[in-house]
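**Student:** Next up is a structure, given as structure tokens.
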Amino acid sequence: MKYGFFIIMFAFFLAMFGYVIGRGWQALPTQGYWRQLYAGLSILLFASFFVALFLGQTMPLGMASAISFAGDTYFLVMIYLLLSFLAADLVRAVNSFVHFAPPGMMTFRFWWLMASFGVIAIALIAGNYKFNHPEVVTLNLETNKPKQGKELRIVAVSDLHVGFSIRKKQLQRYVQMINDQHPDIVLIAGDFFDRAVEPVVKQKMQEELRNIHAPKGIYAINGNHEFYSGNLKAVDDFYQSAGVRLLTDNVALIDSAFYLIGRDDRTNTHRKALKYLTEGLNPALPTILLDHQPHHLEEAEQNDIDLQISGHTHEGQFFPGNLIVKREFEQAHGYLRKGKTQYYVSSGLGIWGPQYRIGTQSELVVINLKY
């Protein structure tokens, strides 16, 4: 089943690539070597995406990072060229009936391609800037449980995807951002790792996590990418060495004042039901739930959860992905309230794949929770 899915996806990407190559070839002039340069560079970059995906773990970090960046960037460019060429084909189809465009289809194709390159370049520059300048989202919330006259300053992050793409220097910046918010507690809502644990361990990233200052501790849950790493034991060992408590279908009572519940990722089809995790808890105390993927939000409401924090969606990461995830999830990004339960779905501090935020944002979430 796994290999069948990969074959189908590879065939889809290959067909997309063939279409983009073909339309670009037609648009470029026959004189000189522009067509050959376009095709050769496209093939090289397309291949680099898969080289980084499957062989990146075996390469030196610098090489893997460079190849990954090049391949991921081309993958995004290919998507935008696909959309552009489809739009051009639509214009040509309409023109064949209405005849609104002047003759000279080769000229039209060439200048359409040049305009596409220009727009894509601007989008990439702006998108990379947005990725490298995360926003701080601040929420002031309170629970409906009996008030203790206390306030908890939570810094929540998700989807850092550190490894050979987002490396130790970037993590240092993230840690500084976290400390600048003076948190009481730090919550990592899954997908701290990207594709494997080894690049993270090699770079000794646990040293950076140990620099986080949070009096009430640092807690994390697994996301789907922790499962993709294929080594959950290494994930657990890393967090222990970093001074982070990993919650996998268990509950932490903190300061005898509130509960923190960490669900294992739904990739684990045998994870415990939320109803089981909340059994026997003091109903007068606030409950904060970490659940990486924001599916079935009604479960938190049904189990008297005060606040659920999730990630996973990246808010689609780049246009038009943000439009797609809005249709897939009840809440793809941002704040939601259902009954007495409040939710925040983060678009993520890091990123998977192309390091561009186009129509979305990288973010660190600060929640001032009164209880």
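To be explicit about the labels: the chains of the structure tokens are called A, B, and onward in the order shown, and within each one the residues are counted from 1, while ligands get numbers from 1 in the order they are shown.
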Check the DSSP output for the backbone and give back, as JSON, numbers by chain, the residues of stretch 24-162 of chain A in strand (DSSP E).

**Tutor:** {"A": [135, 136, 137, 138, 139, 140, 141, 142, 151, 152, 153, 154, 155, 156, 157]}

**Student:** Excluding stretch 63-73 of chain A and its own-chain neighbours fewer than 4 positions away, which residues fall within 8 Å of it when counting only C-alpha atoms? Please give them as a list in words.

**Tutor:**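 Residues near the query, excluding close chain neighbours: Leu45, Phe46, Ala47, Ser48, Phe49, Phe50, Val51, Ala52, Leu53, Gly56, Gln57, Met59, Val77, Phe164, Ser165, Gly353, Pro354 and Gln355 of chain A.
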
**Student:** Suppose you want the space between atom CA of A:Gln26 and atom CA of A:Phe117; what is it in Å?

**Tutor:**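 Atom-to-atom, atom CA of A:Gln26 to atom CA of A:Phe117, that is 15.2 Å.
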
**Student:** One number please: atom CA of A:Val98 to atom CA of A:Ala115, in Å, one decimal.

**Tutor:** 23.5 Å

**Student:** So which residues touch A:Leu260 within 9 Å, counting only C-alpha atoms, skipping near sequence neighbours fewer than 6 positions away, as a ChimeraX atom specification?

**Tutor:** /A:219,247,250-254,286-290

**Student:** Distance atom CA of A:Tyr343-atom CA of A:His225, one decimal place?

**Tutor:**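 Value for the atom CA of A:Tyr343-atom CA of A:His225 distance: 22.0 Å.
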
**Student:** Which residue gives the smallest distance to A:Ser310 among A:Gly334, A:Pro215, A:Gly280, A:Pro134, with only C-alpha atoms counted?

**Tutor:**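 Using only C-alpha atoms, A:Ser310 sits closest to A:Gly334.
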
**Student:** At a cut-off of 6 Å, using only C-alpha atoms, what residues contact A:Ser362? Leave out same-chain residues fewer than 5 positions from it and give the result as a PyMOL selection string.

**Tutor:** chain A and resi 131+134+348-349

**Student:** Generate the output file for the selected residues, N, CA and C atoms, as a PDB file, in the first residue's frame.

**Tutor:**
ATOM      1  N   PHE A 131       8.875  33.904   6.029  1.00  0.00           N
ATOM      2  CA  PHE A 131       9.279  32.712   6.773  1.00  0.00           C
ATOM      3  C   PHE A 131      10.350  33.056   7.800  1.00  0.00           C
ATOM      4  N   PRO A 134       9.131  35.438  11.757  1.00  0.00           N
ATOM      5  CA  PRO A 134       7.878  34.938  12.334  1.00  0.00           C
ATOM      6  C   PRO A 134       7.149  36.015  13.132  1.00  0.00           C
ATOM      7  N   GLY A 348       2.345  27.223  12.664  1.00  0.00           N
ATOM      8  CA  GLY A 348       3.692  26.667  12.789  1.00  0.00           C
ATOM      9  C   GLY A 348       4.765  27.733  12.831  1.00  0.00           C
ATOM     10  N   LEU A 349       5.803  27.433  13.603  1.00  0.00           N
ATOM     11  CA  LEU A 349       6.946  28.346  13.676  1.00  0.00           C
ATOM     12  C   LEU A 349       7.947  28.039  12.574  1.00  0.00           C
TER      13      LEU A 349
END

**Student:** Please, which residues of stretch 19-198 of chain A, numbered as in this document, come out alpha helix (DSSP H) from DSSP, as a ChimeraX atom specification?

**Tutor:** /A:19-27,34-55,61-98,105-132,168-180,198

**Student:** Looking at only C-alpha atoms, which of A:Trp25, A:Tyr371, A:Tyr344, A:Phe100 is the one that sits closest to A:Thr138?

**Tutor:**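 When distances to A:Thr138 are compared using only C-alpha atoms, the smallest one comes from A:Tyr344.
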
**Student:** Nearest to A:Lys168 among A:Arg109, A:His213, A:Lys338, A:Lys204, with distances taken over only C-alpha atoms: which residue is it?

**Tutor:**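 Answer, going by the shortest atom-to-atom distance: A:Lys204.
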
**Student:** For A:Asn222, work out the shell of residues within 6 Å, counting only C-alpha atoms and skipping chain neighbours fewer than 5 positions away, then give it as number ranges by chain.

**Tutor:** A: 190, 264-265

**Student:** Keeping only all heavy atoms, take the residues you just selected and write them out as a PDB file, in the first residue's frame.

**Tutor:**
ATOM      1  N   GLY A 190       4.045  19.220  18.582  1.00  0.00           N
ATOM      2  CA  GLY A 190       4.295  18.211  17.554  1.00  0.00           C
ATOM      3  C   GLY A 190       5.101  18.692  16.368  1.00  0.00           C
ATOM      4  O   GLY A 190       5.224  19.886  16.098  1.00  0.00           O
ATOM      5  N   ASP A 264      -1.004  11.283  21.935  1.00  0.00           N
ATOM      6  CA  ASP A 264      -0.134  10.805  20.879  1.00  0.00           C
ATOM      7  C   ASP A 264      -0.757  11.192  19.540  1.00  0.00           C
ATOM      8  O   ASP A 264      -1.978  11.396  19.438  1.00  0.00           O
ATOM      9  CB  ASP A 264       0.024   9.284  20.978  1.00  0.00           C
ATOM     10  CG  ASP A 264       1.325   8.793  20.355  1.00  0.00           C
ATOM     11  OD1 ASP A 264       2.129   9.645  19.919  1.00  0.00           O
ATOM     12  OD2 ASP A 264       1.549   7.572  20.308  1.00  0.00           O
ATOM     13  N   ASP A 265       0.059  11.288  18.497  1.00  0.00           N
ATOM     14  CA  ASP A 265      -0.479  11.696  17.204  1.00  0.00           C
ATOM     15  C   ASP A 265      -1.433  10.633  16.667  1.00  0.00           C
ATOM     16  O   ASP A 265      -1.283   9.438  16.922  1.00  0.00           O
ATOM     17  CB  ASP A 265       0.656  11.929  16.202  1.00  0.00           C
ATOM     18  CG  ASP A 265       0.145  12.512  14.903  1.00  0.00           C
ATOM     19  OD1 ASP A 265      -0.290  13.685  14.918  1.00  0.00           O
ATOM     20  OD2 ASP A 265       0.139  11.796  13.885  1.00  0.00           O
TER      21      ASP A 265
END

**Student:** With only C-alpha atoms as the atoms that count, which of A:Pro199, A:Thr107, A:Asn368, A:Arg357 lies nearest to A:Glu135?

**Tutor:** A:Arg357

**Student:** Can you pull out every residue within 12 Å of A:Arg263, counting only C-alpha atoms, but drop anything in the same chain fewer than 4 positions away, and send it as a compact mmCIF listing (two decimals) with all heavy atoms, in the first residue's frame?

**Tutor:**
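Produced file around-v2.txt, reproduced below:
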# COMPACT_ATOMS: atom_id res chain seq x y z
N ALA A 189 3.83 21.54 20.24
CA ALA A 189 2.65 20.80 19.81
C ALA A 189 2.89 19.91 18.60
O ALA A 189 2.07 19.82 17.69
CB ALA A 189 1.51 21.78 19.52
N GLY A 190 4.05 19.22 18.58
CA GLY A 190 4.30 18.21 17.55
C GLY A 190 5.10 18.69 16.37
O GLY A 190 5.22 19.89 16.10
N TYR A 219 7.13 21.03 27.71
CA TYR A 219 6.41 19.80 27.41
C TYR A 219 6.22 19.68 25.90
O TYR A 219 6.07 20.69 25.19
CB TYR A 219 5.05 19.76 28.11
CG TYR A 219 5.16 19.72 29.62
CD1 TYR A 219 5.37 20.89 30.36
CD2 TYR A 219 5.07 18.52 30.31
CE1 TYR A 219 5.47 20.85 31.74
CE2 TYR A 219 5.17 18.47 31.69
CZ TYR A 219 5.37 19.64 32.40
OH TYR A 219 5.48 19.60 33.77
N ALA A 220 6.20 18.44 25.41
CA ALA A 220 6.06 18.21 23.98
C ALA A 220 5.17 17.00 23.73
O ALA A 220 4.99 16.14 24.61
CB ALA A 220 7.42 17.99 23.33
N ILE A 221 4.61 16.94 22.53
CA ILE A 221 3.90 15.75 22.06
C ILE A 221 4.47 15.35 20.71
O ILE A 221 5.18 16.14 20.05
CB ILE A 221 2.38 16.00 21.93
CG1 ILE A 221 2.10 17.17 20.97
CG2 ILE A 221 1.75 16.23 23.29
CD1 ILE A 221 0.64 17.32 20.58
N ASN A 222 4.16 14.15 20.30
CA ASN A 222 4.55 13.68 18.97
C ASN A 222 3.60 14.22 17.91
O ASN A 222 2.39 14.33 18.15
CB ASN A 222 4.55 12.16 18.90
CG ASN A 222 5.72 11.53 19.62
OD1 ASN A 222 6.81 12.10 19.66
ND2 ASN A 222 5.50 10.36 20.20
N GLY A 223 4.15 14.53 16.75
CA GLY A 223 3.35 14.81 15.57
C GLY A 223 3.54 13.68 14.58
O GLY A 223 4.25 12.71 14.84
N ASN A 224 2.96 13.82 13.41
CA ASN A 224 3.10 12.77 12.40
C ASN A 224 4.54 12.61 11.93
O ASN A 224 4.99 11.50 11.62
CB ASN A 224 2.18 13.03 11.21
CG ASN A 224 2.31 14.43 10.64
OD1 ASN A 224 2.17 15.42 11.35
ND2 ASN A 224 2.58 14.53 9.35
N LEU A 246 8.12 14.57 27.35
CA LEU A 246 7.28 14.13 26.24
C LEU A 246 6.03 13.46 26.80
O LEU A 246 6.12 12.48 27.55
CB LEU A 246 8.05 13.16 25.35
CG LEU A 246 7.30 12.59 24.14
CD1 LEU A 246 6.93 13.70 23.15
CD2 LEU A 246 8.15 11.52 23.44
N LEU A 247 4.87 13.98 26.42
CA LEU A 247 3.60 13.41 26.85
C LEU A 247 3.02 12.59 25.71
O LEU A 247 2.69 13.13 24.66
CB LEU A 247 2.62 14.52 27.25
CG LEU A 247 3.03 15.43 28.41
CD1 LEU A 247 2.00 16.53 28.61
CD2 LEU A 247 3.21 14.63 29.69
N THR A 248 2.90 11.31 25.92
CA THR A 248 2.32 10.42 24.90
C THR A 248 1.14 9.69 25.52
O THR A 248 1.31 8.67 26.18
CB THR A 248 3.35 9.41 24.36
OG1 THR A 248 3.96 8.74 25.47
CG2 THR A 248 4.42 10.11 23.55
N ASP A 249 -0.03 10.26 25.34
CA ASP A 249 -1.25 9.72 25.94
C ASP A 249 -1.16 9.66 27.45
O ASP A 249 -1.48 8.64 28.08
CB ASP A 249 -1.55 8.32 25.36
CG ASP A 249 -2.22 8.38 24.00
OD1 ASP A 249 -2.68 9.48 23.62
OD2 ASP A 249 -2.28 7.36 23.32
N ASN A 250 -0.69 10.74 28.05
CA ASN A 250 -0.69 10.81 29.50
C ASN A 250 -0.92 12.25 29.96
O ASN A 250 -0.99 13.18 29.15
CB ASN A 250 0.59 10.22 30.11
CG ASN A 250 1.85 10.75 29.49
OD1 ASN A 250 1.83 11.70 28.70
ND2 ASN A 250 2.97 10.17 29.84
N VAL A 251 -1.06 12.40 31.28
CA VAL A 251 -1.50 13.65 31.88
C VAL A 251 -0.49 14.10 32.91
O VAL A 251 0.02 13.28 33.70
CB VAL A 251 -2.88 13.48 32.54
CG1 VAL A 251 -3.37 14.82 33.11
CG2 VAL A 251 -3.90 12.93 31.55
N ALA A 252 -0.18 15.39 32.93
CA ALA A 252 0.68 15.97 33.95
C ALA A 252 -0.16 16.96 34.78
O ALA A 252 -0.82 17.84 34.22
CB ALA A 252 1.85 16.68 33.32
N THR A 267 -1.54 9.41 13.95
CA THR A 267 -0.85 8.40 13.14
C THR A 267 -0.85 7.06 13.87
O THR A 267 -0.90 6.00 13.25
CB THR A 267 0.60 8.84 12.86
OG1 THR A 267 0.59 10.13 12.24
CG2 THR A 267 1.30 7.85 11.94
N ASN A 268 -0.77 7.13 15.21
CA ASN A 268 -0.91 5.94 16.04
C ASN A 268 -2.39 5.60 16.13
O ASN A 268 -3.14 6.21 16.90
CB ASN A 268 -0.33 6.19 17.44
CG ASN A 268 -0.56 5.03 18.39
OD1 ASN A 268 -1.00 3.95 17.99
ND2 ASN A 268 -0.28 5.25 19.67
N THR A 269 -2.84 4.63 15.35
CA THR A 269 -4.26 4.30 15.30
C THR A 269 -4.75 3.65 16.59
O THR A 269 -5.96 3.47 16.78
CB THR A 269 -4.54 3.35 14.12
OG1 THR A 269 -3.72 2.18 14.23
CG2 THR A 269 -4.25 4.05 12.79
N HIS A 270 -3.82 3.31 17.48
CA HIS A 270 -4.19 2.70 18.76
C HIS A 270 -4.01 3.68 19.92
O HIS A 270 -3.94 3.25 21.08
CB HIS A 270 -3.36 1.44 19.00
CG HIS A 270 -3.53 0.40 17.94
ND1 HIS A 270 -4.70 -0.31 17.75
CD2 HIS A 270 -2.67 -0.04 16.97
CE1 HIS A 270 -4.56 -1.15 16.74
NE2 HIS A 270 -3.34 -1.00 16.25
N ARG A 271 -3.91 4.96 19.63
CA ARG A 271 -3.76 5.92 20.73
C ARG A 271 -5.00 5.89 21.61
O ARG A 271 -6.11 5.52 21.17
CB ARG A 271 -3.51 7.32 20.19
CG ARG A 271 -4.70 7.98 19.51
CD ARG A 271 -4.37 9.42 19.16
NE ARG A 271 -5.49 10.10 18.51
CZ ARG A 271 -5.57 11.39 18.30
NH1 ARG A 271 -4.56 12.17 18.68
NH2 ARG A 271 -6.61 11.94 17.71
N LYS A 272 -4.83 6.32 22.84
CA LYS A 272 -5.92 6.27 23.80
C LYS A 272 -6.98 7.33 23.47
O LYS A 272 -6.66 8.41 22.98
CB LYS A 272 -5.40 6.49 25.22
CG LYS A 272 -4.47 5.40 25.71
CD LYS A 272 -3.92 5.73 27.08
CE LYS A 272 -2.93 4.66 27.55
NZ LYS A 272 -2.32 5.01 28.87
N ALA A 273 -8.22 7.00 23.75
CA ALA A 273 -9.31 7.95 23.56
C ALA A 273 -9.19 9.08 24.58
O ALA A 273 -8.73 8.87 25.70
CB ALA A 273 -10.65 7.25 23.71
N LEU A 274 -9.60 10.26 24.18
CA LEU A 274 -9.52 11.41 25.08
C LEU A 274 -10.38 11.16 26.32
O LEU A 274 -10.02 11.58 27.43
CB LEU A 274 -9.97 12.67 24.35
CG LEU A 274 -9.87 13.98 25.14
CD1 LEU A 274 -8.46 14.22 25.64
CD2 LEU A 274 -10.34 15.15 24.27
N LYS A 275 -11.50 10.48 26.16
CA LYS A 275 -12.36 10.16 27.30
C LYS A 275 -11.60 9.37 28.36
O LYS A 275 -11.77 9.59 29.56
CB LYS A 275 -13.57 9.37 26.81
CG LYS A 275 -14.57 9.02 27.90
CD LYS A 275 -15.76 8.26 27.33
CE LYS A 275 -16.74 7.90 28.44
NZ LYS A 275 -17.91 7.15 27.92
N TYR A 276 -10.74 8.46 27.91
CA TYR A 276 -9.94 7.66 28.85
C TYR A 276 -8.93 8.55 29.59
O TYR A 276 -8.71 8.38 30.79
CB TYR A 276 -9.21 6.56 28.07
CG TYR A 276 -8.27 5.74 28.92
CD1 TYR A 276 -8.72 4.63 29.61
CD2 TYR A 276 -6.92 6.07 29.01
CE1 TYR A 276 -7.86 3.85 30.39
CE2 TYR A 276 -6.04 5.33 29.79
CZ TYR A 276 -6.52 4.22 30.47
OH TYR A 276 -5.67 3.49 31.24
N LEU A 277 -8.33 9.49 28.89
CA LEU A 277 -7.31 10.34 29.50
C LEU A 277 -7.89 11.31 30.52
O LEU A 277 -7.19 11.73 31.45
CB LEU A 277 -6.57 11.13 28.41
CG LEU A 277 -5.75 10.31 27.41
CD1 LEU A 277 -5.17 11.21 26.33
CD2 LEU A 277 -4.64 9.55 28.11
N THR A 278 -9.16 11.68 30.36
CA THR A 278 -9.76 12.65 31.27
C THR A 278 -10.49 12.00 32.44
O THR A 278 -10.96 12.71 33.34
CB THR A 278 -10.74 13.56 30.51
OG1 THR A 278 -11.73 12.75 29.85
CG2 THR A 278 -10.01 14.41 29.47
N ILE A 288 -5.62 21.67 29.85
CA ILE A 288 -5.04 22.12 28.58
C ILE A 288 -4.66 20.87 27.80
O ILE A 288 -3.98 19.98 28.33
CB ILE A 288 -3.80 23.00 28.81
CG1 ILE A 288 -4.17 24.23 29.63
CG2 ILE A 288 -3.18 23.42 27.47
CD1 ILE A 288 -2.97 25.04 30.09
N LEU A 289 -5.11 20.78 26.57
CA LEU A 289 -4.88 19.62 25.72
C LEU A 289 -3.94 19.96 24.58
O LEU A 289 -4.14 20.96 23.87
CB LEU A 289 -6.20 19.11 25.15
CG LEU A 289 -6.13 18.01 24.08
CD1 LEU A 289 -5.56 16.72 24.66
CD2 LEU A 289 -7.50 17.78 23.46
N LEU A 290 -2.91 19.13 24.39
CA LEU A 290 -2.05 19.20 23.21
C LEU A 290 -2.42 18.05 22.29
O LEU A 290 -2.34 16.88 22.69
CB LEU A 290 -0.57 19.11 23.59
CG LEU A 290 0.02 20.24 24.43
CD1 LEU A 290 1.49 19.95 24.73
CD2 LEU A 290 -0.13 21.57 23.73
N ASP A 291 -2.85 18.36 21.08
CA ASP A 291 -3.21 17.34 20.10
C ASP A 291 -2.76 17.87 18.74
O ASP A 291 -3.30 18.88 18.25
CB ASP A 291 -4.72 17.08 20.11
CG ASP A 291 -5.10 15.82 19.35
OD1 ASP A 291 -4.21 15.19 18.74
OD2 ASP A 291 -6.29 15.45 19.36
N HIS A 292 -1.76 17.23 18.15
CA HIS A 292 -1.08 17.81 16.99
C HIS A 292 -2.03 18.11 15.84
O HIS A 292 -2.03 19.23 15.30
CB HIS A 292 0.03 16.87 16.52
CG HIS A 292 0.76 17.37 15.31
ND1 HIS A 292 1.49 18.54 15.31
CD2 HIS A 292 0.86 16.87 14.04
CE1 HIS A 292 2.01 18.74 14.11
NE2 HIS A 292 1.64 17.75 13.32
N GLN A 293 -2.84 17.14 15.44
CA GLN A 293 -3.70 17.32 14.27
C GLN A 293 -5.11 17.73 14.70
O GLN A 293 -5.75 17.02 15.47
CB GLN A 293 -3.76 16.04 13.45
CG GLN A 293 -2.40 15.57 12.95
CD GLN A 293 -2.50 14.42 11.95
OE1 GLN A 293 -3.36 14.43 11.07
NE2 GLN A 293 -1.62 13.44 12.08
N PRO A 294 -5.61 18.86 14.20
CA PRO A 294 -6.90 19.38 14.67
C PRO A 294 -8.11 18.72 14.01
O PRO A 294 -8.95 19.39 13.39
CB PRO A 294 -6.81 20.87 14.33
CG PRO A 294 -5.96 20.91 13.10
CD PRO A 294 -4.94 19.80 13.29
N ALA A 300 -12.83 17.44 22.30
CA ALA A 300 -12.37 18.27 23.41
C ALA A 300 -13.55 18.91 24.11
O ALA A 300 -13.59 18.98 25.36
CB ALA A 300 -11.40 19.33 22.89
N GLN A 308 -7.50 23.72 23.86
CA GLN A 308 -6.76 22.79 23.01
C GLN A 308 -5.82 23.57 22.12
O GLN A 308 -6.21 24.56 21.49
CB GLN A 308 -7.70 21.94 22.14
CG GLN A 308 -6.95 21.04 21.16
CD GLN A 308 -7.84 20.13 20.36
OE1 GLN A 308 -8.88 19.67 20.84
NE2 GLN A 308 -7.46 19.83 19.11
N ILE A 309 -4.57 23.09 22.05
CA ILE A 309 -3.57 23.70 21.18
C ILE A 309 -3.13 22.66 20.16
O ILE A 309 -2.75 21.54 20.53
CB ILE A 309 -2.36 24.20 21.99
CG1 ILE A 309 -2.80 25.27 23.00
CG2 ILE A 309 -1.28 24.77 21.06
CD1 ILE A 309 -1.72 25.67 23.99
N SER A 310 -3.20 23.01 18.89
CA SER A 310 -2.84 22.10 17.80
C SER A 310 -1.96 22.81 16.79
O SER A 310 -1.73 24.02 16.87
CB SER A 310 -4.10 21.55 17.11
OG SER A 310 -4.92 20.83 18.00

**Student:** Counting only C-alpha atoms, which of A:Leu139, A:Val162, A:Met78, A:Ala126 gets nearest to A:Thr360?

**Tutor:** A:Ala126
